[in-house]
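Shown next: start-v8.cif, given as mmCIF, C-alpha atoms.
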```
data_data
#
loop_
_atom_site.group_PDB
_atom_site.id
_atom_site.type_symbol
_atom_site.label_atom_id
_atom_site.label_comp_id
_atom_site.auth_asym_id
_atom_site.auth_seq_id
_atom_site.Cartn_x
_atom_site.Cartn_y
_atom_site.Cartn_z
ATOM 1 C CA MET A 385 75.133 44.142 27.921
ATOM 2 C CA ILE A 386 78.374 45.127 29.658
ATOM 3 C CA LYS A 387 80.947 43.261 31.734
ATOM 4 C CA TRP A 388 82.231 44.936 34.889
ATOM 5 C CA ARG A 389 84.511 43.324 37.470
ATOM 6 C CA GLY A 390 83.879 39.893 36.017
ATOM 7 C CA ILE A 391 80.074 40.260 36.139
ATOM 8 C CA VAL A 392 77.909 40.486 33.041
ATOM 9 C CA TRP A 393 75.271 43.198 33.470
ATOM 10 C CA SER A 394 72.301 43.059 31.111
ATOM 11 C CA ILE A 395 68.804 44.511 30.815
ATOM 12 C CA HIS A 396 65.880 42.126 30.598
ATOM 13 C CA PRO A 397 63.599 42.597 27.539
ATOM 14 C CA LEU A 398 60.734 43.422 29.937
ATOM 15 C CA PHE A 399 62.681 46.464 31.120
ATOM 16 C CA ILE A 400 63.365 47.492 27.507
ATOM 17 C CA ILE A 401 59.612 47.372 26.767
ATOM 18 C CA VAL A 402 58.951 49.601 29.798
ATOM 19 C CA MET A 403 61.681 51.981 28.604
ATOM 20 C CA MET A 404 60.124 52.276 25.142
ATOM 21 C CA ALA A 405 56.692 52.893 26.654
ATOM 22 C CA SER A 406 58.127 55.579 28.969
ATOM 23 C CA VAL A 407 59.809 57.407 26.076
ATOM 24 C CA MET A 408 56.555 57.358 24.095
ATOM 25 C CA THR A 409 54.518 58.700 27.024
ATOM 26 C CA GLY A 410 57.045 61.351 28.097
ATOM 27 C CA TYR A 411 58.123 59.753 31.382
ATOM 28 C CA PHE A 412 61.770 59.183 30.493
ATOM 29 C CA VAL A 413 63.188 61.079 33.514
ATOM 30 C CA GLU A 414 61.047 58.990 35.854
ATOM 31 C CA LEU A 415 62.220 55.830 34.113
ATOM 32 C CA LEU A 416 65.859 56.884 34.381
ATOM 33 C CA THR A 417 65.340 57.449 38.108
ATOM 34 C CA LEU A 418 63.738 54.016 38.385
ATOM 35 C CA PHE A 419 66.702 52.499 36.556
ATOM 36 C CA VAL A 420 69.161 54.077 39.022
ATOM 37 C CA ILE A 421 67.096 52.855 41.984
ATOM 38 C CA VAL A 422 67.024 49.310 40.591
ATOM 39 C CA LEU A 423 70.766 49.426 39.859
ATOM 40 C CA VAL A 424 71.642 50.527 43.413
ATOM 41 C CA HIS A 425 69.225 47.902 44.769
ATOM 42 C CA GLU A 426 71.046 45.212 42.837
ATOM 43 C CA LEU A 427 74.494 46.552 43.764
ATOM 44 C CA GLY A 428 73.506 45.966 47.378
ATOM 45 C CA HIS A 429 73.072 42.270 46.599
ATOM 46 C CA VAL A 430 76.341 42.125 44.665
ATOM 47 C CA VAL A 431 78.466 43.810 47.353
ATOM 48 C CA VAL A 432 77.229 41.518 50.144
ATOM 49 C CA ALA A 433 77.489 38.420 47.922
ATOM 50 C CA ARG A 434 81.064 39.319 46.969
ATOM 51 C CA ASN A 435 81.945 39.790 50.651
ATOM 52 C CA PHE A 436 80.809 36.204 51.218
ATOM 53 C CA GLY A 437 83.061 35.069 48.370
ATOM 54 C CA TRP A 438 80.290 34.225 45.910
ATOM 55 C CA THR A 439 81.074 34.085 42.207
ATOM 56 C CA ILE A 440 78.443 36.099 40.317
ATOM 57 C CA ARG A 441 78.282 35.349 36.613
ATOM 58 C CA GLU A 442 75.479 37.658 35.474
ATOM 59 C CA VAL A 443 73.047 40.255 36.789
ATOM 60 C CA LYS A 444 69.924 40.879 34.714
ATOM 61 C CA LEU A 445 68.046 44.092 35.506
ATOM 62 C CA LEU A 446 64.230 44.128 35.525
ATOM 63 C CA PRO A 447 61.818 47.018 36.190
ATOM 64 C CA PHE A 448 61.349 45.876 39.790
ATOM 65 C CA GLY A 449 64.837 44.624 40.638
ATOM 66 C CA GLY A 450 67.243 42.123 39.195
ATOM 67 C CA VAL A 451 68.118 38.463 38.911
ATOM 68 C CA ALA A 452 71.653 37.362 39.744
ATOM 69 C CA GLU A 453 73.103 34.102 38.471
ATOM 70 C CA VAL A 454 75.619 32.783 40.990
ATOM 71 C CA GLU A 455 78.019 29.896 40.613
ATOM 72 C CA GLU A 456 77.496 28.660 44.185
ATOM 73 C CA ALA A 457 73.701 28.361 43.946
ATOM 74 C CA GLY A 458 72.723 25.220 45.847
ATOM 75 C CA GLY A 459 75.886 25.180 47.937
ATOM 76 C CA ILE A 460 75.525 28.386 49.947
ATOM 77 C CA SER A 461 74.151 28.528 53.476
ATOM 78 C CA ALA A 462 70.620 29.674 54.231
ATOM 79 C CA LYS A 463 71.995 32.466 56.423
ATOM 80 C CA GLU A 464 74.143 33.853 53.609
ATOM 81 C CA GLU A 465 71.271 33.618 51.133
ATOM 82 C CA ALA A 466 68.990 35.544 53.502
ATOM 83 C CA LEU A 467 71.564 38.282 54.138
ATOM 84 C CA VAL A 468 72.264 38.737 50.427
ATOM 85 C CA ALA A 469 68.520 38.813 49.674
ATOM 86 C CA ILE A 470 67.709 41.476 52.282
ATOM 87 C CA ALA A 471 70.661 43.645 51.190
ATOM 88 C CA GLY A 472 68.712 44.864 48.142
ATOM 89 C CA PRO A 473 65.593 46.203 49.937
ATOM 90 C CA LEU A 474 67.860 47.811 52.553
ATOM 91 C CA GLN A 475 69.283 50.029 49.789
ATOM 92 C CA ASN A 476 65.755 51.231 49.084
ATOM 93 C CA VAL A 477 65.349 52.121 52.759
ATOM 94 C CA TRP A 478 68.251 54.574 52.837
ATOM 95 C CA MET A 479 67.511 55.939 49.349
ATOM 96 C CA GLY A 480 63.862 56.534 50.229
ATOM 97 C CA ALA A 481 64.787 58.154 53.553
ATOM 98 C CA LEU A 482 67.354 60.374 51.833
ATOM 99 C CA ALA A 483 64.832 61.473 49.191
ATOM 100 C CA TRP A 484 62.305 62.336 51.909
ATOM 101 C CA ALA A 485 64.967 64.281 53.857
ATOM 102 C CA PHE A 486 65.962 66.252 50.749
ATOM 103 C CA GLY A 487 62.347 67.249 50.262
ATOM 104 C CA ALA A 488 61.869 68.174 53.921
ATOM 105 C CA LEU A 489 65.022 70.329 53.851
ATOM 106 C CA GLY A 490 63.978 72.047 50.649
ATOM 107 C CA LEU A 491 66.896 70.656 48.650
ATOM 108 C CA TRP A 492 64.495 68.900 46.242
ATOM 109 C CA ASP A 493 61.092 69.804 44.942
ATOM 110 C CA THR A 494 58.527 68.270 47.315
ATOM 111 C CA GLN A 495 56.668 66.459 44.539
ATOM 112 C CA TRP A 496 59.868 64.983 43.130
ATOM 113 C CA SER A 497 61.060 63.986 46.598
ATOM 114 C CA GLU A 498 57.778 62.179 47.230
ATOM 115 C CA TYR A 499 58.035 60.388 43.867
ATOM 116 C CA VAL A 500 61.562 59.076 44.561
ATOM 117 C CA ALA A 501 60.678 58.052 48.133
ATOM 118 C CA HIS A 502 57.474 56.349 46.959
ATOM 119 C CA ALA A 503 59.346 54.523 44.153
ATOM 120 C CA ASN A 504 61.837 53.139 46.670
ATOM 121 C CA VAL A 505 59.064 52.004 49.011
ATOM 122 C CA MET A 506 57.184 50.287 46.171
ATOM 123 C CA ILE A 507 60.290 48.527 44.816
ATOM 124 C CA ALA A 508 61.278 47.333 48.304
ATOM 125 C CA MET A 509 57.768 46.084 49.149
ATOM 126 C CA PHE A 510 57.312 44.405 45.779
ATOM 127 C CA ASN A 511 60.652 42.625 46.054
ATOM 128 C CA LEU A 512 59.712 41.291 49.475
ATOM 129 C CA LEU A 513 56.738 39.372 48.072
ATOM 130 C CA PRO A 514 57.280 35.603 48.620
ATOM 131 C CA ILE A 515 57.783 34.870 44.927
ATOM 132 C CA HIS A 516 60.880 33.388 43.320
ATOM 133 C CA PRO A 517 63.170 34.988 42.094
ATOM 134 C CA LEU A 518 62.237 38.118 44.080
ATOM 135 C CA ASP A 519 64.097 38.829 47.309
ATOM 136 C CA GLY A 520 61.062 37.700 49.296
ATOM 137 C CA GLY A 521 61.128 34.377 47.464
ATOM 138 C CA LYS A 522 64.784 33.915 48.372
ATOM 139 C CA LEU A 523 64.069 34.797 52.003
ATOM 140 C CA LEU A 524 61.188 32.318 51.975
ATOM 141 C CA HIS A 525 63.478 29.612 50.602
ATOM 142 C CA ALA A 526 66.176 30.370 53.187
ATOM 143 C CA PHE A 527 63.715 30.297 56.114
ATOM 144 C CA LEU A 528 62.085 27.072 54.926
ATOM 145 C CA CYS A 529 65.506 25.429 54.980
ATOM 146 C CA TYR A 530 65.516 25.688 58.776
ATOM 147 C CA TRP A 531 62.443 23.433 59.014
ATOM 148 C CA GLN A 532 62.429 21.284 55.874
ATOM 149 C CA ASN A 533 64.802 19.124 53.889
ATOM 150 C CA TYR A 534 66.200 20.793 50.785
ATOM 151 C CA TYR A 535 64.018 18.931 48.286
ATOM 152 C CA ARG A 536 60.796 19.925 50.061
ATOM 153 C CA THR A 537 62.096 23.481 50.316
ATOM 154 C CA LEU A 538 62.399 23.615 46.524
ATOM 155 C CA GLN A 539 58.886 22.226 46.132
ATOM 156 C CA TRP A 540 57.260 24.605 48.617
ATOM 157 C CA THR A 541 59.104 27.624 47.233
ATOM 158 C CA ALA A 542 57.753 26.788 43.782
ATOM 159 C CA ARG A 543 54.193 26.202 45.051
ATOM 160 C CA ILE A 544 54.021 29.408 47.085
ATOM 161 C CA SER A 545 55.589 31.402 44.246
ATOM 162 C CA LEU A 546 53.046 30.053 41.756
ATOM 163 C CA LEU A 547 50.204 30.874 44.148
ATOM 164 C CA PHE A 548 51.263 34.491 44.632
ATOM 165 C CA SER A 549 52.031 34.913 40.923
ATOM 166 C CA GLY A 550 48.474 33.806 40.194
ATOM 167 C CA LEU A 551 47.113 36.218 42.813
ATOM 168 C CA MET A 552 49.073 39.028 41.172
ATOM 169 C CA ILE A 553 47.483 38.255 37.808
ATOM 170 C CA ALA A 554 44.053 38.151 39.473
ATOM 171 C CA ALA A 555 44.755 41.534 41.081
ATOM 172 C CA ALA A 556 45.473 42.963 37.617
ATOM 173 C CA PHE A 557 41.914 42.037 36.547
ATOM 174 C CA GLU A 558 40.281 43.295 39.760
ATOM 175 C CA PRO A 559 39.607 46.899 38.548
ATOM 176 C CA LEU A 560 38.049 45.531 35.354
ATOM 177 C CA VAL A 561 35.809 42.985 37.074
ATOM 178 C CA MET A 562 34.864 44.883 40.233
ATOM 179 C CA GLU A 563 34.828 48.515 39.078
ATOM 180 C CA GLY A 564 34.461 48.332 35.308
ATOM 181 C CA LYS A 565 37.799 50.095 34.785
ATOM 182 C CA GLY A 566 40.762 49.040 32.638
ATOM 183 C CA LEU A 567 43.264 46.278 33.289
ATOM 184 C CA GLN A 568 46.381 47.028 35.312
ATOM 185 C CA LEU A 569 48.654 46.077 32.423
ATOM 186 C CA ASN A 570 51.925 46.608 34.285
ATOM 187 C CA LEU A 571 50.799 44.269 37.066
ATOM 188 C CA LEU A 572 49.509 41.770 34.505
ATOM 189 C CA PHE A 573 52.801 41.694 32.563
ATOM 190 C CA VAL A 574 54.877 41.256 35.707
ATOM 191 C CA GLY A 575 52.486 38.617 37.083
ATOM 192 C CA VAL A 576 52.607 36.594 33.861
ATOM 193 C CA PHE A 577 56.406 36.900 33.772
ATOM 194 C CA LEU A 578 56.705 35.622 37.348
ATOM 195 C CA LEU A 579 54.196 32.830 36.698
ATOM 196 C CA MET A 580 56.139 31.601 33.652
ATOM 197 C CA THR A 581 59.418 31.913 35.561
ATOM 198 C CA ASN A 582 58.079 29.744 38.384
ATOM 199 C CA LEU A 583 56.558 27.168 36.054
ATOM 200 C CA THR A 584 60.078 26.750 34.668
ATOM 201 C CA TYR A 585 61.499 26.731 38.207
ATOM 202 C CA SER A 586 59.046 23.991 39.185
ATOM 203 C CA ARG A 587 60.021 21.845 36.199
ATOM 204 C CA ASN A 588 63.706 22.350 37.012
ATOM 205 C CA ILE A 589 63.466 21.134 40.617
ATOM 206 C CA PRO A 590 65.165 17.775 39.816
ATOM 207 C CA PHE A 591 68.069 19.628 38.171
ATOM 208 C CA LEU A 592 68.304 22.112 41.066
ATOM 209 C CA PHE A 593 68.334 19.234 43.543
ATOM 210 C CA TYR A 594 71.149 17.456 41.714
ATOM 211 C CA ARG A 595 73.110 20.706 41.693
ATOM 212 C CA PHE A 596 72.618 20.793 45.462
ATOM 213 C CA LEU A 597 73.991 17.245 45.707
ATOM 214 C CA THR A 598 76.999 18.205 43.592
ATOM 215 C CA HIS A 599 77.870 20.935 46.078
ATOM 216 C CA ARG A 600 77.508 18.436 48.931
ATOM 217 C CA VAL A 601 80.738 16.803 47.755
ATOM 218 C CA ARG A 602 82.761 19.905 48.614
ATOM 219 C CA ALA A 603 80.755 20.500 51.809
ATOM 220 C CA SER A 604 81.508 16.948 52.952
ATOM 221 C CA GLU A 605 85.236 17.444 52.431
ATOM 222 C CA VAL A 606 85.177 20.627 54.506
ATOM 223 C CA ALA A 607 83.165 18.892 57.254
ATOM 224 C CA LEU A 608 85.727 16.089 57.464
ATOM 225 C CA GLN A 609 88.661 18.501 57.616
ATOM 226 C CA ILE A 610 87.379 20.867 60.307
ATOM 227 C CA GLY A 611 84.973 18.553 62.116
ATOM 228 C CA LYS A 612 81.253 19.165 62.289
ATOM 229 C CA PRO A 613 78.276 17.860 64.293
ATOM 230 C CA VAL A 614 76.247 15.324 62.340
ATOM 231 C CA SER A 615 72.508 14.926 61.878
ATOM 232 C CA PRO A 616 71.360 11.285 61.864
ATOM 233 C CA ILE A 617 68.839 9.905 59.401
ATOM 234 C CA MET A 618 67.231 6.500 59.914
ATOM 235 C CA VAL A 619 65.955 4.689 56.801
ATOM 236 C CA SER A 620 64.798 1.281 55.689
ATOM 237 C CA GLY A 621 67.186 -0.794 53.624
ATOM 238 C CA ASN A 622 64.739 -1.074 50.738
ATOM 239 C CA GLN A 623 64.362 2.680 50.317
ATOM 240 C CA SER A 624 65.845 4.103 47.145
ATOM 241 C CA ILE A 625 69.123 5.995 47.247
ATOM 242 C CA LEU A 626 67.436 9.058 45.758
ATOM 243 C CA SER A 627 64.659 9.064 48.360
ATOM 244 C CA VAL A 628 67.295 9.073 51.102
ATOM 245 C CA ALA A 629 69.194 11.926 49.446
ATOM 246 C CA ARG A 630 65.969 13.926 49.388
ATOM 247 C CA LEU A 631 65.990 13.853 53.192
ATOM 248 C CA PHE A 632 69.226 15.875 53.310
ATOM 249 C CA ARG A 633 68.966 19.323 54.849
ATOM 250 C CA ARG A 634 70.881 22.414 53.919
ATOM 251 C CA GLY A 635 73.688 23.235 56.353
ATOM 252 C CA HIS A 636 73.641 19.760 57.925
ATOM 253 C CA TYR A 637 76.056 16.860 57.526
ATOM 254 C CA HIS A 638 74.264 13.518 57.732
ATOM 255 C CA ILE A 639 75.023 10.014 58.881
ATOM 256 C CA VAL A 640 72.550 7.488 57.496
ATOM 257 C CA TYR A 641 71.511 4.529 59.660
ATOM 258 C CA VAL A 642 70.166 1.700 57.522
ATOM 259 C CA ILE A 643 67.902 -0.893 59.132
ATOM 260 C CA GLU A 644 66.839 -4.092 57.404
ATOM 261 C CA ARG A 645 63.802 -5.858 58.800
ATOM 262 C CA ALA A 646 65.321 -9.266 58.173
ATOM 263 C CA ALA A 647 68.479 -8.386 60.095
ATOM 264 C CA ASP A 648 69.135 -7.434 63.682
ATOM 265 C CA ASP A 649 72.244 -5.361 63.014
ATOM 266 C CA LEU A 650 72.435 -1.683 62.133
ATOM 267 C CA GLN A 651 74.483 -0.491 59.183
ATOM 268 C CA VAL A 652 75.849 3.024 58.800
ATOM 269 C CA LEU A 653 76.590 5.120 55.717
ATOM 270 C CA PRO A 654 78.181 8.559 55.484
ATOM 271 C CA GLU A 655 76.165 10.981 53.361
ATOM 272 C CA GLN A 656 78.928 11.052 50.744
ATOM 273 C CA THR A 657 78.155 7.441 49.850
ATOM 274 C CA ILE A 658 74.525 8.393 49.193
ATOM 275 C CA VAL A 659 75.599 11.397 47.115
ATOM 276 C CA ASP A 660 77.990 9.255 45.087
ATOM 277 C CA GLY A 661 75.200 6.732 44.569
ATOM 278 C CA CYS A 662 73.019 9.464 43.041
ATOM 279 C CA LEU A 663 75.752 11.016 40.903
ATOM 280 C CA SER A 664 77.476 7.832 39.732
ATOM 281 C CA GLY A 665 75.336 7.500 36.613
ATOM 282 C CA LEU A 666 73.792 4.268 37.864
ATOM 283 C CA ASN A 667 70.099 3.958 38.704
ATOM 284 C CA PRO A 668 69.468 6.239 41.730
ATOM 285 C CA HIS A 669 66.195 4.394 42.425
ATOM 286 C CA ARG A 670 68.001 1.192 43.436
ATOM 287 C CA ALA A 671 67.814 0.118 47.087
ATOM 288 C CA VAL A 672 70.206 1.597 49.646
ATOM 289 C CA THR A 673 71.343 -1.890 50.618
ATOM 290 C CA GLU A 674 73.014 -2.224 47.215
ATOM 291 C CA LEU A 675 75.587 0.328 48.356
ATOM 292 C CA PHE A 676 76.952 -2.259 50.812
ATOM 293 C CA SER A 677 77.620 -4.866 48.134
#
```
Please rewrite the model in this file as structure tokens.
Amino acid sequence: MIKWRGIVWSIHPLFIIVMMASVMTGYFVELLTLFVIVLVHELGHVVVARNFGWTIREVKLLPFGGVAEVEEAGGISAKEEALVAIAGPLQNVWMGALAWAFGALGLWDTQWSEYVAHANVMIAMFNLLPIHPLDGGKLLHAFLCYWQNYYRTLQWTARISLLFSGLMIAAAFEPLVMEGKGLQLNLLFVGVFLLMTNLTYSRNIPFLFYRFLTHRVRASEVALQIGKPVSPIMVSGNQSILSVARLFRRGHYHIVYVIERAADDLQVLPEQTIVDGCLSGLNPHRAVTELFS
């Protein structure tokens, strides 16, 4: 574990296990090359994230990429998240192309050139799978935000990630079941790791949603200072405060219109009142109408 430019860089235990296995089987040079590829891949994320002003606390390197812990998670725009996510695979594009060119020009051994190019292609393609916390999972989450409220986006990201993690585990058993060959242990280990990660992610959805609401406080202040178009939400007065907050969409500022069946008038709440109602420590399941009293 090292700290460079305010970011803690560490190696995940899964990567350490792969390293030990590579040393024992005589593939240390290949592993070192893989490590450099993964490091450059992750630096692509870091550089773009820093340009957007993100605060990155830690980057944990895995055999297929890395996981970055950012302070602004939940408060960043979907566009920024997508650009930061795609920045990693783009590093594999130029590295793979460069390795192929070196081989074609005779600067590298053809077999070695093909290995490096193939490794970059595999890492890029694997990271683009729609599984959290892979780059594809982050792109999935960012794209879903354009069509769904944030709470549903969290739910669907978790569901799709669990589905594909399960399919990865099933694919590891395919040679054994269909062809009578051995298990694909590397695929099995990674699949189980991603499945466990997304089970935790699924359980943490309420926490992740509240973190999103916490960032809405700052977003609301910025919206009031610079002016921003609003997105209306119409709800019944007996709906819970939390259920209304779950209708909020990323990148939108909301005005909530509250209608009571027993009344003819229409009452209006800014989204900040709903956010405060969820974060105040009082029961967030109480009716929205209680915010007017």
- Residue neighbourhood Tyr594 (chain A), 12 Å, all atoms listed in the file, exclusion window fewer than 2 positions, as a ChimeraX atom specification: /A:457-459,534-535,538,588-592,596-601,626,629-630,632,659-665,668
- Please evaluate the PyMOL selection byres ((chain A and resi 528) around 12) against the structure above and give the resulting residues as a ChimeraX atom specification. /A:462-463,465-466,514,521-527,529-542,544,633-634
Pull C-alpha atoms from the residues just selected and write them as a PDB file, in the coordinates of the input.
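The result, stored in out_25.pdb:
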```pdb
ATOM      1  CA  ALA A 462      70.620  29.674  54.231  1.00  0.00           C
ATOM      2  CA  LYS A 463      71.995  32.466  56.423  1.00  0.00           C
ATOM      3  CA  GLU A 465      71.271  33.618  51.133  1.00  0.00           C
ATOM      4  CA  ALA A 466      68.990  35.544  53.502  1.00  0.00           C
ATOM      5  CA  PRO A 514      57.280  35.603  48.620  1.00  0.00           C
ATOM      6  CA  GLY A 521      61.128  34.377  47.464  1.00  0.00           C
ATOM      7  CA  LYS A 522      64.784  33.915  48.372  1.00  0.00           C
ATOM      8  CA  LEU A 523      64.069  34.797  52.003  1.00  0.00           C
ATOM      9  CA  LEU A 524      61.188  32.318  51.975  1.00  0.00           C
ATOM     10  CA  HIS A 525      63.478  29.612  50.602  1.00  0.00           C
ATOM     11  CA  ALA A 526      66.176  30.370  53.187  1.00  0.00           C
ATOM     12  CA  PHE A 527      63.715  30.297  56.114  1.00  0.00           C
ATOM     13  CA  CYS A 529      65.506  25.429  54.980  1.00  0.00           C
ATOM     14  CA  TYR A 530      65.516  25.688  58.776  1.00  0.00           C
ATOM     15  CA  TRP A 531      62.443  23.433  59.014  1.00  0.00           C
ATOM     16  CA  GLN A 532      62.429  21.284  55.874  1.00  0.00           C
ATOM     17  CA  ASN A 533      64.802  19.124  53.889  1.00  0.00           C
ATOM     18  CA  TYR A 534      66.200  20.793  50.785  1.00  0.00           C
ATOM     19  CA  TYR A 535      64.018  18.931  48.286  1.00  0.00           C
ATOM     20  CA  ARG A 536      60.796  19.925  50.061  1.00  0.00           C
ATOM     21  CA  THR A 537      62.096  23.481  50.316  1.00  0.00           C
ATOM     22  CA  LEU A 538      62.399  23.615  46.524  1.00  0.00           C
ATOM     23  CA  GLN A 539      58.886  22.226  46.132  1.00  0.00           C
ATOM     24  CA  TRP A 540      57.260  24.605  48.617  1.00  0.00           C
ATOM     25  CA  THR A 541      59.104  27.624  47.233  1.00  0.00           C
ATOM     26  CA  ALA A 542      57.753  26.788  43.782  1.00  0.00           C
ATOM     27  CA  ILE A 544      54.021  29.408  47.085  1.00  0.00           C
ATOM     28  CA  ARG A 633      68.966  19.323  54.849  1.00  0.00           C
ATOM     29  CA  ARG A 634      70.881  22.414  53.919  1.00  0.00           C
TER      30      ARG A 634
END
```
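By all atoms listed in the file, and with residues fewer than 2 positions from region 545-549 of chain A along its chain excluded, the set lying at most 9 Å from it is A:Leu513, A:Pro514, A:Ile515, A:His516, A:Pro517, A:Gly521, A:Trp540, A:Thr541, A:Ala542, A:Arg543, A:Leu551, A:Met552, A:Ile553, A:Ala554, A:Val574, A:Gly575, A:Val576, A:Phe577, A:Leu578, A:Leu579, A:Met580, A:Asn582, A:Leu583, A:Ser586.
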Restrict the selected residues to C-alpha atoms and save them as an mmCIF file, in the frame of the given file.
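Output file part_19.cif is given in full below:
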```cif
data_model
loop_
_atom_site.group_PDB
_atom_site.id
_atom_site.type_symbol
_atom_site.label_atom_id
_atom_site.label_comp_id
_atom_site.auth_asym_id
_atom_site.auth_seq_id
_atom_site.Cartn_x
_atom_site.Cartn_y
_atom_site.Cartn_z
ATOM 1 C CA LEU A 513 56.738 39.372 48.072
ATOM 2 C CA PRO A 514 57.280 35.603 48.620
ATOM 3 C CA ILE A 515 57.783 34.870 44.927
ATOM 4 C CA HIS A 516 60.880 33.388 43.320
ATOM 5 C CA PRO A 517 63.170 34.988 42.094
ATOM 6 C CA GLY A 521 61.128 34.377 47.464
ATOM 7 C CA TRP A 540 57.260 24.605 48.617
ATOM 8 C CA THR A 541 59.104 27.624 47.233
ATOM 9 C CA ALA A 542 57.753 26.788 43.782
ATOM 10 C CA ARG A 543 54.193 26.202 45.051
ATOM 11 C CA LEU A 551 47.113 36.218 42.813
ATOM 12 C CA MET A 552 49.073 39.028 41.172
ATOM 13 C CA ILE A 553 47.483 38.255 37.808
ATOM 14 C CA ALA A 554 44.053 38.151 39.473
ATOM 15 C CA VAL A 574 54.877 41.256 35.707
ATOM 16 C CA GLY A 575 52.486 38.617 37.083
ATOM 17 C CA VAL A 576 52.607 36.594 33.861
ATOM 18 C CA PHE A 577 56.406 36.900 33.772
ATOM 19 C CA LEU A 578 56.705 35.622 37.348
ATOM 20 C CA LEU A 579 54.196 32.830 36.698
ATOM 21 C CA MET A 580 56.139 31.601 33.652
ATOM 22 C CA ASN A 582 58.079 29.744 38.384
ATOM 23 C CA LEU A 583 56.558 27.168 36.054
ATOM 24 C CA SER A 586 59.046 23.991 39.185
#
```
- Query: Quick one: which residues end up in the PyMOL selection byres ((chain A and resi 423-434) around 6) for this structure, as a ChimeraX atom specification?
  - Reply: /A:420-422,435-438,468,471-472,475
Write the selection just made, keeping C-alpha atoms, as a PDB file, in the coordinates of the input?
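File part_10.pdb, as written:
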```pdb
ATOM      1  CA  VAL A 420      69.161  54.077  39.022  1.00  0.00           C
ATOM      2  CA  ILE A 421      67.096  52.855  41.984  1.00  0.00           C
ATOM      3  CA  VAL A 422      67.024  49.310  40.591  1.00  0.00           C
ATOM      4  CA  ASN A 435      81.945  39.790  50.651  1.00  0.00           C
ATOM      5  CA  PHE A 436      80.809  36.204  51.218  1.00  0.00           C
ATOM      6  CA  GLY A 437      83.061  35.069  48.370  1.00  0.00           C
ATOM      7  CA  TRP A 438      80.290  34.225  45.910  1.00  0.00           C
ATOM      8  CA  VAL A 468      72.264  38.737  50.427  1.00  0.00           C
ATOM      9  CA  ALA A 471      70.661  43.645  51.190  1.00  0.00           C
ATOM     10  CA  GLY A 472      68.712  44.864  48.142  1.00  0.00           C
ATOM     11  CA  GLN A 475      69.283  50.029  49.789  1.00  0.00           C
TER      12      GLN A 475
END
```
- Where does the PyMOL selection byres ((chain A and resi 674) around 12) land in this file, that is, which residues does it pick, as a VMD selection string? chain A and resid 621 to 625 642 653 657 to 658 661 666 to 673 675 to 677
Compile the contact shell of Ala501 (chain A) as a compact mmCIF listing (two decimals) with C-alpha atoms, in the frame of the given file: residues with an atom at most 7 Å away, counting all atoms listed in the file, same-chain residues fewer than 2 positions apart removed.
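As written to disk, selection-v1.txt reads:
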```txt
# COMPACT_ATOMS: atom_id res chain seq x y z
CA GLY A 480 63.86 56.53 50.23
CA ALA A 481 64.79 58.15 53.55
CA ALA A 483 64.83 61.47 49.19
CA TRP A 484 62.30 62.34 51.91
CA SER A 497 61.06 63.99 46.60
CA GLU A 498 57.78 62.18 47.23
CA TYR A 499 58.04 60.39 43.87
CA ALA A 503 59.35 54.52 44.15
CA ASN A 504 61.84 53.14 46.67
CA VAL A 505 59.06 52.00 49.01
```
- For the atom pair CA of Arg602 (chain A) and CA of Leu467 (chain A), what is the interatomic distance in Å to one decimal place?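 Here the two named atoms are 22.2 Å from each other.
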- Task: Find the residues around Glu442 (chain A) up to 7 Å (all atoms listed in the file counted), leave out those fewer than 6 positions away in its own chain, and share them as a PyMOL selection string.
- Result: chain A and resi 391-393+452-453
- Task: Mind giving me the straight-line distance from CA of Leu569 (chain A) to CA of Val477 (chain A) in Å, one decimal?
- Result: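 Atom-to-atom, CA of Leu569 (chain A) and CA of Val477 (chain A) are spaced 27.0 Å apart.
Between CA of Thr439 (chain A) and CA of Gln656 (chain A) there is a distance of 24.7 Å.
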- Task: Might you pull out every residue within 7 Å of Val614 (chain A), with only C-alpha atoms counted and same-chain residues fewer than 5 positions away left off, and present them as a PyMOL selection string?
- Result: chain A and resi 636-639
